[in-house]
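Source file input05.csv; content: CSV, C-alpha atoms and all ligand atoms.
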```
chain,number,residue,atom,x,y,z
A,22,MET,CA,189.8,-57.5,127.4
A,23,ASN,CA,187.8,-57.8,124.2
A,24,SER,CA,189.7,-59.4,121.4
A,25,THR,CA,191.3,-57.2,118.8
A,26,SER,CA,193.1,-57.9,115.5
A,27,LEU,CA,196.9,-58.6,115.7
A,28,ASP,CA,197.3,-56.0,113.0
A,29,THR,CA,196.5,-53.2,115.4
A,30,LEU,CA,199.4,-54.0,117.8
A,31,ASP,CA,202.4,-51.8,117.7
A,32,THR,CA,205.8,-53.5,117.3
A,33,PRO,CA,208.0,-55.0,118.6
A,34,ALA,CA,205.5,-57.0,120.8
A,35,ALA,CA,205.9,-60.2,122.6
A,36,LEU,CA,203.2,-62.7,121.5
A,37,VAL,CA,202.1,-66.0,123.0
A,38,ASP,CA,200.2,-68.4,120.8
A,39,LEU,CA,197.7,-69.8,123.3
A,40,ASP,CA,196.8,-73.0,121.4
A,41,ARG,CA,200.5,-73.9,121.3
A,42,MET,CA,201.2,-72.9,124.9
A,43,GLU,CA,198.2,-74.9,126.1
A,44,ALA,CA,199.3,-78.0,124.1
A,45,ASN,CA,202.8,-77.6,125.7
A,46,LEU,CA,201.3,-77.6,129.2
A,47,ARG,CA,199.0,-80.5,128.5
A,48,ARG,CA,201.9,-82.5,127.0
A,49,VAL,CA,204.2,-82.1,130.0
A,50,ALA,CA,201.3,-82.7,132.5
A,51,GLU,CA,200.5,-86.0,130.7
A,52,TYR,CA,204.2,-87.0,130.7
A,53,CYS,CA,204.5,-86.4,134.4
A,54,ARG,CA,201.3,-88.3,135.1
A,55,ALA,CA,202.5,-91.2,133.0
A,56,HIS,CA,205.8,-91.4,134.9
A,57,GLY,CA,204.7,-90.6,138.4
A,58,LEU,CA,206.7,-87.3,138.6
A,59,ALA,CA,205.6,-84.1,140.2
A,60,TRP,CA,205.7,-81.0,137.9
A,61,ARG,CA,207.0,-77.8,139.4
A,62,PRO,CA,207.6,-75.5,136.4
A,63,HIS,CA,210.2,-72.7,136.7
A,64,THR,CA,208.4,-69.4,136.3
A,65,LYS,CA,211.6,-67.5,135.3
A,66,THR,CA,210.5,-68.1,131.7
A,67,HIS,CA,207.2,-66.2,131.7
A,68,LYS,CA,207.4,-64.2,135.0
A,69,THR,CA,203.6,-63.8,134.8
A,70,PRO,CA,201.2,-64.9,137.6
A,71,ALA,CA,198.3,-65.7,135.3
A,72,LEU,CA,200.6,-68.3,133.5
A,73,ALA,CA,201.7,-69.8,136.8
A,74,ALA,CA,198.0,-70.2,137.6
A,75,ALA,CA,197.5,-71.8,134.2
A,76,GLN,CA,200.3,-74.3,135.0
A,77,VAL,CA,198.8,-75.2,138.3
A,78,GLN,CA,195.4,-75.6,136.6
A,79,ALA,CA,197.0,-77.9,134.1
A,80,GLY,CA,198.4,-80.1,136.9
A,81,ALA,CA,201.6,-78.5,138.4
A,82,ALA,CA,202.1,-79.2,142.1
A,83,GLY,CA,203.5,-75.7,142.6
A,84,VAL,CA,206.0,-73.5,140.9
A,85,THR,CA,209.7,-72.6,141.0
A,86,VAL,CA,211.1,-69.1,141.3
A,87,ALA,CA,214.7,-67.8,141.1
A,88,THR,CA,214.3,-64.2,142.4
A,89,LEU,CA,212.6,-62.8,145.4
A,90,ARG,CA,210.7,-60.6,143.0
A,91,GLU,CA,209.4,-63.7,141.2
A,92,ALA,CA,208.5,-65.2,144.6
A,93,GLU,CA,206.5,-62.1,145.7
A,94,VAL,CA,204.7,-62.0,142.3
A,95,MET,CA,203.9,-65.7,142.1
A,96,ALA,CA,202.7,-65.8,145.7
A,97,THR,CA,199.7,-63.8,144.4
A,98,THR,CA,198.3,-66.7,142.5
A,99,VAL,CA,200.2,-69.9,143.7
A,100,ASP,CA,200.5,-71.2,147.3
A,101,ASP,CA,203.3,-73.6,146.9
A,102,LEU,CA,206.7,-72.2,145.8
A,103,LEU,CA,210.3,-73.5,145.6
A,104,LEU,CA,212.9,-70.7,145.7
A,105,ALA,CA,215.6,-72.4,143.7
A,106,TYR,CA,218.2,-69.9,144.5
A,107,PRO,CA,220.1,-69.2,147.7
A,108,PRO,CA,218.9,-66.0,149.4
A,109,VAL,CA,222.2,-64.3,150.5
A,110,GLY,CA,222.4,-60.9,152.0
A,111,GLU,CA,220.4,-59.0,154.6
A,112,ALA,CA,218.0,-57.3,152.1
A,113,LYS,CA,217.0,-60.7,150.7
A,114,ARG,CA,216.7,-62.2,154.2
A,115,GLN,CA,214.2,-59.4,155.1
A,116,ARG,CA,212.2,-59.9,151.9
A,117,LEU,CA,212.1,-63.6,152.5
A,118,ARG,CA,210.8,-63.0,156.1
A,119,ASP,CA,208.1,-60.6,154.7
A,120,LEU,CA,207.1,-63.2,152.1
A,121,LEU,CA,206.9,-65.9,154.8
A,122,ARG,CA,204.5,-63.7,156.8
A,123,ARG,CA,202.1,-64.2,153.9
A,124,ASP,CA,200.1,-67.3,153.6
A,125,VAL,CA,202.4,-69.1,151.1
A,126,GLY,CA,204.1,-72.5,151.3
A,127,LEU,CA,207.8,-72.2,150.6
A,128,ASN,CA,210.8,-74.5,150.3
A,129,VAL,CA,214.3,-73.1,149.5
A,130,GLY,CA,217.2,-74.7,147.6
A,131,LEU,CA,220.7,-73.9,148.9
A,132,ASP,CA,224.2,-75.2,149.2
A,133,SER,CA,225.9,-73.4,152.2
A,134,PRO,CA,225.5,-72.9,155.9
A,135,GLU,CA,225.4,-69.2,155.4
A,136,ALA,CA,222.3,-69.4,153.2
A,137,LEU,CA,220.8,-71.9,155.5
A,138,GLY,CA,221.3,-69.5,158.4
A,139,ALA,CA,219.6,-66.7,156.6
A,140,VAL,CA,216.6,-68.8,155.7
A,141,ALA,CA,216.3,-70.1,159.3
A,142,SER,CA,216.5,-66.6,160.7
A,143,ALA,CA,213.9,-65.2,158.3
A,144,ALA,CA,211.6,-68.2,159.1
A,145,ARG,CA,212.0,-67.7,162.9
A,146,GLU,CA,211.2,-64.0,162.6
A,147,ALA,CA,208.1,-64.8,160.6
A,148,GLY,CA,207.1,-67.5,163.1
A,149,ARG,CA,207.3,-70.2,160.4
A,150,GLU,CA,209.3,-73.3,159.5
A,151,VAL,CA,210.8,-73.6,156.0
A,152,GLY,CA,211.7,-76.8,154.1
A,153,VAL,CA,215.2,-76.9,152.7
A,154,LEU,CA,216.4,-78.7,149.6
A,155,ILE,CA,220.2,-79.3,149.6
A,156,GLU,CA,221.5,-78.4,146.1
A,157,LEU,CA,223.8,-81.0,144.6
A,158,ASP,CA,226.3,-80.3,141.7
A,159,VAL,CA,225.6,-83.2,139.3
A,160,GLY,CA,228.1,-82.0,136.7
A,161,MET,CA,227.2,-78.4,135.7
A,162,ARG,CA,229.8,-76.9,138.0
A,163,ARG,CA,227.6,-73.8,138.8
A,164,VAL,CA,226.3,-74.3,142.4
A,165,GLY,CA,225.6,-77.3,144.6
A,166,VAL,CA,227.6,-79.3,147.0
A,167,GLY,CA,230.1,-81.6,145.4
A,168,THR,CA,230.2,-84.7,147.6
A,169,PRO,CA,227.7,-87.0,149.4
A,170,GLY,CA,229.4,-86.2,152.6
A,171,GLU,CA,228.8,-82.4,152.2
A,172,ALA,CA,225.1,-83.1,151.4
A,173,VAL,CA,224.8,-85.1,154.6
A,174,ALA,CA,226.5,-82.5,156.7
A,175,LEU,CA,224.2,-79.7,155.4
A,176,ALA,CA,221.1,-81.8,155.7
A,177,ARG,CA,222.0,-82.6,159.3
A,178,LEU,CA,222.6,-78.9,160.0
A,179,ALA,CA,219.2,-78.2,158.6
A,180,GLU,CA,217.7,-80.7,160.9
A,181,ASP,CA,219.5,-79.2,163.9
A,182,THR,CA,218.6,-75.6,163.1
A,183,ALA,CA,215.4,-74.0,164.4
A,184,GLY,CA,213.2,-72.5,161.7
A,185,VAL,CA,214.2,-75.0,158.9
A,186,HIS,CA,214.0,-78.7,158.3
A,187,PHE,CA,215.5,-81.0,155.6
A,188,ARG,CA,213.0,-81.6,152.8
A,189,GLY,CA,215.2,-83.2,150.2
A,190,VAL,CA,217.7,-82.4,147.5
A,191,MET,CA,217.6,-80.5,144.2
A,192,PHE,CA,219.9,-80.3,141.2
A,193,TYR,CA,219.9,-78.7,137.7
A,194,PRO,CA,221.4,-80.7,134.8
A,195,GLY,CA,222.1,-77.5,132.7
A,196,HIS,CA,225.3,-79.2,131.3
A,197,ILE,CA,223.2,-81.8,129.4
A,198,ARG,CA,221.9,-80.1,126.3
A,199,GLN,CA,221.8,-82.7,123.4
A,200,LEU,CA,220.8,-86.2,124.2
A,201,ALA,CA,222.1,-88.8,121.8
A,202,GLY,CA,219.4,-91.5,122.4
A,203,GLU,CA,217.7,-93.8,124.8
A,204,ASP,CA,220.9,-95.1,126.2
A,205,ASP,CA,222.6,-91.7,126.7
A,206,PRO,CA,225.5,-92.1,129.1
A,207,ALA,CA,225.1,-88.5,130.3
A,208,LEU,CA,221.9,-89.5,132.1
A,209,ASP,CA,223.5,-92.6,133.6
A,210,ARG,CA,226.3,-90.6,134.9
A,211,LEU,CA,223.9,-88.1,136.4
A,212,SER,CA,221.8,-90.9,138.0
A,213,GLY,CA,225.0,-92.3,139.5
A,214,VAL,CA,226.0,-89.0,141.1
A,215,LEU,CA,222.5,-88.5,142.4
A,216,GLU,CA,222.2,-92.1,143.7
A,217,SER,CA,225.4,-91.8,145.7
A,218,SER,CA,224.1,-88.7,147.6
A,219,LEU,CA,220.7,-90.2,148.1
A,220,ALA,CA,222.2,-93.4,149.5
A,221,ALA,CA,224.5,-91.5,151.9
A,222,LEU,CA,221.6,-89.4,153.1
A,223,GLU,CA,219.5,-92.6,153.6
A,224,SER,CA,222.3,-94.3,155.6
A,225,ALA,CA,222.7,-91.2,157.8
A,226,GLY,CA,219.1,-91.5,158.7
A,227,LEU,CA,218.1,-88.5,156.5
A,228,PRO,CA,216.1,-89.9,153.6
A,229,ALA,CA,215.1,-87.3,151.0
A,230,PRO,CA,211.3,-87.1,150.4
A,231,VAL,CA,211.8,-84.6,147.6
A,232,VAL,CA,214.4,-85.1,144.8
A,233,SER,CA,213.8,-82.1,142.5
A,234,GLY,CA,215.6,-81.8,139.1
A,235,GLY,CA,214.9,-81.6,135.4
A,236,SER,CA,215.3,-79.1,132.6
A,237,THR,CA,213.8,-78.5,129.2
A,238,PRO,CA,216.5,-80.2,127.2
A,239,THR,CA,216.3,-83.4,129.3
A,240,LEU,CA,212.5,-83.1,129.8
A,241,TRP,CA,211.3,-86.1,127.8
A,242,HIS,CA,214.0,-88.3,129.3
A,243,SER,CA,213.3,-87.3,132.9
A,244,HIS,CA,212.0,-90.8,133.8
A,245,ARG,CA,215.4,-92.1,133.1
A,246,ILE,CA,217.0,-90.1,135.9
A,247,ARG,CA,216.9,-92.6,138.8
A,248,GLY,CA,215.5,-91.3,142.1
A,249,MET,CA,214.0,-88.0,140.9
A,250,THR,CA,210.5,-87.2,142.2
A,251,GLU,CA,209.9,-83.8,140.6
A,252,ILE,CA,210.9,-81.8,137.5
A,253,ARG,CA,211.2,-78.1,137.0
A,254,PRO,CA,211.3,-77.3,133.3
A,255,GLY,CA,210.8,-73.6,132.6
A,256,THR,CA,211.5,-72.9,128.9
A,257,ASN,CA,209.1,-75.7,127.8
A,258,ILE,CA,205.9,-73.5,128.3
A,259,PHE,CA,206.9,-71.5,125.2
A,260,ASN,CA,210.0,-73.3,123.8
A,261,ASP,CA,212.5,-71.4,121.6
A,262,ARG,CA,214.9,-71.9,118.8
A,263,ALA,CA,217.7,-73.3,121.0
A,264,THR,CA,215.2,-75.9,122.4
A,265,GLU,CA,214.3,-76.9,118.9
A,266,ALA,CA,218.0,-77.1,118.0
A,267,VAL,CA,218.6,-79.7,120.8
A,268,GLY,CA,215.6,-81.7,119.7
A,269,ALA,CA,213.5,-81.1,122.8
A,270,CYS,CA,210.6,-79.6,120.8
A,271,GLY,CA,209.4,-79.2,117.3
A,272,TRP,CA,209.2,-75.8,115.5
A,273,GLU,CA,205.4,-76.0,115.6
A,274,GLN,CA,205.7,-76.2,119.4
A,275,CYS,CA,207.3,-72.7,119.7
A,276,ALA,CA,204.6,-70.7,121.4
A,277,TYR,CA,206.4,-67.4,121.8
A,278,SER,CA,207.5,-64.9,119.1
A,279,VAL,CA,208.3,-61.3,118.8
A,280,LEU,CA,206.0,-59.5,116.4
A,281,ALA,CA,208.2,-57.1,114.3
A,282,THR,CA,207.8,-54.8,111.4
A,283,VAL,CA,210.1,-54.6,108.3
A,284,VAL,CA,211.6,-51.0,108.5
A,285,SER,CA,214.2,-51.2,105.7
A,286,VAL,CA,215.0,-53.3,102.6
A,287,ALA,CA,217.5,-50.8,101.3
A,288,VAL,CA,220.5,-53.1,101.5
A,289,PRO,CA,220.2,-56.0,99.0
A,290,GLY,CA,220.0,-59.5,100.4
A,291,GLN,CA,218.6,-58.5,103.7
A,292,ALA,CA,215.6,-56.9,105.5
A,293,VAL,CA,215.7,-55.0,108.7
A,294,VAL,CA,213.0,-55.3,111.4
A,295,ASP,CA,212.3,-53.2,114.5
A,296,ALA,CA,213.2,-56.0,116.9
A,297,GLY,CA,216.9,-55.8,118.0
A,298,SER,CA,218.8,-56.9,121.0
A,299,LYS,CA,216.4,-55.0,123.3
A,300,ALA,CA,213.5,-57.2,122.1
A,301,LEU,CA,215.1,-60.5,121.2
A,302,ALA,CA,218.1,-60.6,123.5
A,303,ARG,CA,221.7,-61.1,122.2
A,304,GLU,CA,222.1,-64.9,122.5
A,305,GLU,CA,223.8,-66.4,119.5
A,306,LEU,CA,222.9,-70.0,118.5
A,307,ARG,CA,225.9,-72.2,118.7
A,308,GLY,CA,225.9,-74.7,115.9
A,309,GLU,CA,223.8,-75.1,112.8
A,310,GLY,CA,222.0,-71.9,111.5
A,311,GLY,CA,223.7,-69.6,113.9
A,312,GLY,CA,222.3,-66.1,114.3
A,313,PHE,CA,219.9,-64.6,116.9
A,314,GLY,CA,216.5,-66.0,116.0
A,315,ALA,CA,214.5,-67.1,113.0
A,316,LEU,CA,211.1,-66.3,111.5
A,317,LEU,CA,208.3,-68.4,112.8
A,318,ASP,CA,206.6,-68.8,109.4
A,319,ARG,CA,209.9,-68.9,107.4
A,320,PRO,CA,212.5,-70.6,109.6
A,321,GLU,CA,215.0,-70.4,106.8
A,322,VAL,CA,215.2,-66.7,107.4
A,323,VAL,CA,217.7,-66.1,110.3
A,324,VAL,CA,218.4,-62.9,112.2
A,325,ARG,CA,222.0,-62.5,111.2
A,326,ALA,CA,222.9,-59.4,113.1
A,327,LEU,CA,221.5,-57.2,115.9
A,328,SER,CA,221.7,-53.6,117.0
A,329,GLU,CA,219.7,-52.4,119.9
A,330,GLU,CA,216.6,-51.6,117.8
A,331,HIS,CA,217.5,-53.3,114.5
A,332,GLY,CA,217.4,-57.0,113.6
A,333,VAL,CA,219.0,-57.9,110.3
A,334,LEU,CA,217.2,-60.7,108.5
A,335,ASP,CA,219.3,-62.8,106.1
A,336,LEU,CA,217.4,-63.5,102.9
A,337,ALA,CA,220.2,-65.6,101.2
A,338,HIS,CA,218.3,-68.9,101.7
A,339,SER,CA,214.8,-67.6,101.0
A,340,ASP,CA,212.7,-66.6,98.0
A,341,TRP,CA,210.7,-64.2,100.2
A,342,GLN,CA,210.7,-60.6,99.0
A,343,PRO,CA,209.8,-58.5,101.9
A,344,ARG,CA,208.5,-54.9,101.7
A,345,VAL,CA,208.8,-52.1,104.2
A,346,GLY,CA,205.8,-52.4,106.5
A,347,ASP,CA,205.5,-56.2,106.3
A,348,ARG,CA,205.1,-57.8,109.7
A,349,VAL,CA,206.9,-61.0,110.8
A,350,ARG,CA,207.1,-63.1,114.0
A,351,VAL,CA,210.6,-63.8,115.2
A,352,VAL,CA,211.3,-66.8,117.4
A,353,PRO,CA,214.3,-65.9,119.6
A,354,ASN,CA,217.1,-68.3,120.5
A,355,HIS,CA,216.4,-68.0,124.3
A,356,VAL,CA,212.9,-67.2,125.2
A,357,CYS,CA,213.4,-66.5,128.9
A,358,VAL,CA,215.7,-63.5,128.3
A,359,SER,CA,213.5,-62.1,125.5
A,360,VAL,CA,210.4,-62.2,127.8
A,361,ASN,CA,212.4,-60.4,130.4
A,362,LEU,CA,212.8,-57.4,128.0
A,363,HIS,CA,209.0,-56.9,127.5
A,364,GLU,CA,206.5,-55.2,129.8
A,365,ALA,CA,203.6,-57.3,128.6
A,366,LEU,CA,202.8,-60.5,126.8
A,367,TRP,CA,200.0,-60.5,124.2
A,368,ALA,CA,198.0,-63.6,124.1
A,369,VAL,CA,197.0,-64.6,120.5
A,370,ARG,CA,194.4,-67.0,119.3
A,371,SER,CA,193.4,-67.5,115.6
A,372,GLY,CA,195.1,-64.2,114.7
A,373,ASP,CA,193.4,-62.2,117.4
A,374,VAL,CA,194.8,-60.7,120.5
A,375,VAL,CA,192.6,-62.0,123.3
A,376,ALA,CA,194.4,-60.8,126.4
A,377,SER,CA,197.5,-59.2,127.7
A,378,TRP,CA,199.5,-59.8,130.8
A,379,GLU,CA,201.9,-57.6,132.6
A,380,VAL,CA,205.3,-59.5,133.0
A,381,ALA,CA,205.1,-58.6,136.7
A,382,GLY,CA,208.0,-60.8,137.8
A,383,ARG,CA,210.7,-59.0,135.9
A,384,GLY,CA,212.8,-56.4,137.6
A,385,ARG,CA,214.4,-56.6,141.0
A,386,SER,CA,212.5,-54.3,143.4
A,387,PRO,CA,209.9,-55.6,145.8
A,388,TYR,CA,206.6,-56.3,144.2
A,389,ALA,CA,204.0,-53.8,145.4
A,390,GLY,CA,201.2,-55.4,143.4
A,391,ARG,CA,200.9,-52.4,141.1
A,392,GLY,CA,199.8,-52.5,137.5
A,393,ALA,CA,197.3,-55.4,138.1
A,394,SER,CA,197.2,-57.4,134.9
A,395,ASP,CA,194.3,-59.3,133.3
A,396,GLY,CA,194.5,-62.5,135.4
A,397,SER,CA,192.5,-64.6,132.9
A,398,VAL,CA,193.4,-68.2,132.6
A,399,PHE,CA,192.8,-69.7,129.2
A,400,LEU,CA,193.1,-73.5,129.6
A,401,GLN,CA,190.0,-75.2,128.4
A,402,ALA,CA,188.7,-78.2,130.4
B,501,LIG,C1,217.6,-74.1,139.1
B,501,LIG,C2,216.9,-74.3,137.8
B,501,LIG,N1,215.8,-75.1,137.7
B,501,LIG,C3,215.1,-75.2,136.5
B,501,LIG,C4,215.5,-74.5,135.4
B,501,LIG,C5,214.6,-74.6,134.2
B,501,LIG,O1,215.4,-75.1,133.1
B,501,LIG,P1,215.0,-74.9,131.6
B,501,LIG,O2,215.3,-73.5,131.2
B,501,LIG,O3,215.9,-75.8,130.9
B,501,LIG,O4,213.6,-75.2,131.4
B,501,LIG,C6,216.6,-73.6,135.5
B,501,LIG,C7,217.0,-72.9,134.3
B,501,LIG,O5,217.8,-72.0,134.3
B,501,LIG,C8,217.3,-73.5,136.7
B,501,LIG,O6,218.3,-72.7,136.8
```
Show me, as structure tokens, the structure contained in the file I just sent.
Amino acid sequence: MNSTSLDTLDTPAALVDLDRMEANLRRVAEYCRAHGLAWRPHTKTHKTPALAAAQVQAGAAGVTVATLREAEVMATTVDDLLLAYPPVGEAKRQRLRDLLRRDVGLNVGLDSPEALGAVASAAREAGREVGVLIELDVGMRRVGVGTPGEAVALARLAEDTAGVHFRGVMFYPGHIRQLAGEDDPALDRLSGVLESSLAALESAGLPAPVVSGGSTPTLWHSHRIRGMTEIRPGTNIFNDRATEAVGACGWEQCAYSVLATVVSVAVPGQAVVDAGSKALAREELRGEGGGFGALLDRPEVVVRALSEEHGVLDLAHSDWQPRVGDRVRVVPNHVCVSVNLHEALWAVRSGDVVASWEVAGRGRSPYAGRGASDGSVFLQA
């Protein structure tokens, strides 16, 4: 598309600052190169095939997906996927089989014989073999086997089941949000849990070639997690207010915002914008600042309350005097759930909209490839 001024966009609109996004991609690619880690970003954040392609162009070894829809969409631009979610149920088994009939490399993370059986049967029907990563619980208490013995038993089952083979292990350290410093005990505890499973697998004759982990809050400390070979940060492509609050990015590294218009200043001490919970998502920041987001250019102005289509900006700590019709950019607390509320992302450079992408990976239904988006990739050499 030809570039057009940001002023012509209707609001609310999901914006991506390309300069910032590209800097975020370069930074993580350089970090991974420096520490010998493979980078497999989680596409649940952007759900957009052109951005998955940009990540691969910047150095990603492949991408991660959570839903079958994301897998179907990302398979249009990337040929190496990790489905980091157990595909349970007949409908998902069939979608997985259909995906495997396409020319795409796929590994699956899982933690049960049932999910393993579904993956194996889908793979056999598709005439393929799928790599399995055994998911370990390293402290989050969400999914993942809890002991080295269970990891060995499931890895052995994978080796003994036609259609699948044991590729390694995966984990997600979602319980580690705020790191205190270089000697943070949380990372040592995590490394200890991981090492005992890796050692048990090794002595059972099942060494794990892939050890996939990582998150955005722990991103810049990934090299301290002993034994990990690959990281899967998702949020980091855009960052958000919660990421800044845990110290994993600076405010100037927030690449995503929701463009909104001031629609009312009738109540003193506040301004109301047309971005509510259906544009920003209702995720309250725990800790300092609170609220549901903050203005990109005036971070002291916090979204204090949300209705579905109204966002209430608190002016108590600002000398800004907004008028009806003013436009602002709101950085949400949690970017992934905000993106998921928008049909399209608008790519912005130097105040101009230079492209738009359909957020094709949102939704649940099988992807039929409709609504083809502008597939441009913006990374400069
Ligand atoms: C399995 C898995 N891997 C990777 C990620 C990416 O983590 P983050 O959002 O911290 O970047 C997530 C996030 O939910 C996840 O669930």
Show me, as CSV, the residues of chain A having an atom within 7 Å of ligand LIG 501 (chain B), each with the closest atom pair and its distance in Å, using all atoms listed in the file.
```
residue,atom,partner,partner_atom,distance
A:His63,CA,B:LIG501,C5,5.4
A:Ala105,CA,B:LIG501,C1,5.3
A:Tyr106,CA,B:LIG501,C1,6.9
A:Phe192,CA,B:LIG501,C1,6.9
A:Tyr193,CA,B:LIG501,C2,5.3
A:Gly195,CA,B:LIG501,O3,6.7
A:Gly234,CA,B:LIG501,N1,6.8
A:Gly235,CA,B:LIG501,C3,6.5
A:Ser236,CA,B:LIG501,O3,3.8
A:Thr237,CA,B:LIG501,O3,3.8
A:Pro238,CA,B:LIG501,O3,5.8
A:Arg253,CA,B:LIG501,C3,4.9
A:Pro254,CA,B:LIG501,O4,3.6
A:Gly255,CA,B:LIG501,O4,3.4
A:Thr256,CA,B:LIG501,O4,4.0
A:Asn257,CA,B:LIG501,O4,5.8
```
Original post:
Which one is closest to A:Trp341: A:Thr250, A:Gln291, A:Ser142, A:Gln115? Count all atoms listed in the file.
Top reply: A:Gln291
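Between atom CA of A:Cys270 and atom CA of A:Gly312 there is a distance of 19.0 Å.
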Original post:
Leaving out stretch 373-390 of chain A and any residue of its chain fewer than 4 positions from it, which residues lie within 10 Å of it when counting all atoms listed in the file, given as number ranges by chain?
Top reply: A: 22-30, 35-39, 64-72, 86, 88-95, 97, 116, 360-369, 394-399
How about saving the chosen residues, C-alpha atoms kept, as a PDB file, keeping the file's coordinate frame?
```pdb
ATOM      1  CA  MET A  22     189.800 -57.500 127.400  1.00  0.00           C
ATOM      2  CA  ASN A  23     187.800 -57.800 124.200  1.00  0.00           C
ATOM      3  CA  SER A  24     189.700 -59.400 121.400  1.00  0.00           C
ATOM      4  CA  THR A  25     191.300 -57.200 118.800  1.00  0.00           C
ATOM      5  CA  SER A  26     193.100 -57.900 115.500  1.00  0.00           C
ATOM      6  CA  LEU A  27     196.900 -58.600 115.700  1.00  0.00           C
ATOM      7  CA  ASP A  28     197.300 -56.000 113.000  1.00  0.00           C
ATOM      8  CA  THR A  29     196.500 -53.200 115.400  1.00  0.00           C
ATOM      9  CA  LEU A  30     199.400 -54.000 117.800  1.00  0.00           C
ATOM     10  CA  ALA A  35     205.900 -60.200 122.600  1.00  0.00           C
ATOM     11  CA  LEU A  36     203.200 -62.700 121.500  1.00  0.00           C
ATOM     12  CA  VAL A  37     202.100 -66.000 123.000  1.00  0.00           C
ATOM     13  CA  ASP A  38     200.200 -68.400 120.800  1.00  0.00           C
ATOM     14  CA  LEU A  39     197.700 -69.800 123.300  1.00  0.00           C
ATOM     15  CA  THR A  64     208.400 -69.400 136.300  1.00  0.00           C
ATOM     16  CA  LYS A  65     211.600 -67.500 135.300  1.00  0.00           C
ATOM     17  CA  THR A  66     210.500 -68.100 131.700  1.00  0.00           C
ATOM     18  CA  HIS A  67     207.200 -66.200 131.700  1.00  0.00           C
ATOM     19  CA  LYS A  68     207.400 -64.200 135.000  1.00  0.00           C
ATOM     20  CA  THR A  69     203.600 -63.800 134.800  1.00  0.00           C
ATOM     21  CA  PRO A  70     201.200 -64.900 137.600  1.00  0.00           C
ATOM     22  CA  ALA A  71     198.300 -65.700 135.300  1.00  0.00           C
ATOM     23  CA  LEU A  72     200.600 -68.300 133.500  1.00  0.00           C
ATOM     24  CA  VAL A  86     211.100 -69.100 141.300  1.00  0.00           C
ATOM     25  CA  THR A  88     214.300 -64.200 142.400  1.00  0.00           C
ATOM     26  CA  LEU A  89     212.600 -62.800 145.400  1.00  0.00           C
ATOM     27  CA  ARG A  90     210.700 -60.600 143.000  1.00  0.00           C
ATOM     28  CA  GLU A  91     209.400 -63.700 141.200  1.00  0.00           C
ATOM     29  CA  ALA A  92     208.500 -65.200 144.600  1.00  0.00           C
ATOM     30  CA  GLU A  93     206.500 -62.100 145.700  1.00  0.00           C
ATOM     31  CA  VAL A  94     204.700 -62.000 142.300  1.00  0.00           C
ATOM     32  CA  MET A  95     203.900 -65.700 142.100  1.00  0.00           C
ATOM     33  CA  THR A  97     199.700 -63.800 144.400  1.00  0.00           C
ATOM     34  CA  ARG A 116     212.200 -59.900 151.900  1.00  0.00           C
ATOM     35  CA  VAL A 360     210.400 -62.200 127.800  1.00  0.00           C
ATOM     36  CA  ASN A 361     212.400 -60.400 130.400  1.00  0.00           C
ATOM     37  CA  LEU A 362     212.800 -57.400 128.000  1.00  0.00           C
ATOM     38  CA  HIS A 363     209.000 -56.900 127.500  1.00  0.00           C
ATOM     39  CA  GLU A 364     206.500 -55.200 129.800  1.00  0.00           C
ATOM     40  CA  ALA A 365     203.600 -57.300 128.600  1.00  0.00           C
ATOM     41  CA  LEU A 366     202.800 -60.500 126.800  1.00  0.00           C
ATOM     42  CA  TRP A 367     200.000 -60.500 124.200  1.00  0.00           C
ATOM     43  CA  ALA A 368     198.000 -63.600 124.100  1.00  0.00           C
ATOM     44  CA  VAL A 369     197.000 -64.600 120.500  1.00  0.00           C
ATOM     45  CA  SER A 394     197.200 -57.400 134.900  1.00  0.00           C
ATOM     46  CA  ASP A 395     194.300 -59.300 133.300  1.00  0.00           C
ATOM     47  CA  GLY A 396     194.500 -62.500 135.400  1.00  0.00           C
ATOM     48  CA  SER A 397     192.500 -64.600 132.900  1.00  0.00           C
ATOM     49  CA  VAL A 398     193.400 -68.200 132.600  1.00  0.00           C
ATOM     50  CA  PHE A 399     192.800 -69.700 129.200  1.00  0.00           C
TER      51      PHE A 399
END
```
Per residue of stretch 246-311 of chain A within 8 Å of stretch 317-331 of chain A, record the nearest atom pair and its distance in Å to one decimal, counting all atoms listed in the file, with rows in chain order and ascending residue number, as a Markdown table.
```
| residue | atom | partner | partner_atom | distance |
| --- | --- | --- | --- | --- |
| A:Trp272 | CA | A:Leu317 | CA | 7.9 |
| A:Ser278 | CA | A:Leu317 | CA | 7.3 |
| A:Val293 | CA | A:His331 | CA | 6.3 |
| A:Val294 | CA | A:His331 | CA | 5.8 |
| A:Asp295 | CA | A:His331 | CA | 5.2 |
| A:Ala296 | CA | A:His331 | CA | 5.6 |
| A:Gly297 | CA | A:Glu330 | CA | 4.2 |
| A:Ser298 | CA | A:Glu329 | CA | 4.7 |
| A:Lys299 | CA | A:Glu329 | CA | 5.4 |
| A:Ala300 | CA | A:Glu330 | CA | 7.7 |
| A:Arg303 | CA | A:Leu327 | CA | 7.4 |
| A:Gly310 | CA | A:Val323 | CA | 7.3 |
| A:Gly311 | CA | A:Arg325 | CA | 7.8 |
```
Subject >> Shell of 6 Å around stretch 144-158 of chain A, only C-alpha atoms, local chain residues under 3 positions omitted, as a ChimeraX atom specification >> reply: /A:118,122,128-132,141,165-167,184-192
Subject >> Near-stretch 210-220 of chain A list (12 Å; only C-alpha atoms; drop same-chain fewer than 2 positions) as a ChimeraX atom specification >> reply: /A:155-161,165-176,189-197,204-208,222-235,239,242-249
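Computed from the coordinates, the atom CA of A:Val284 to atom CA of A:Ala315 distance equals 17.0 Å.
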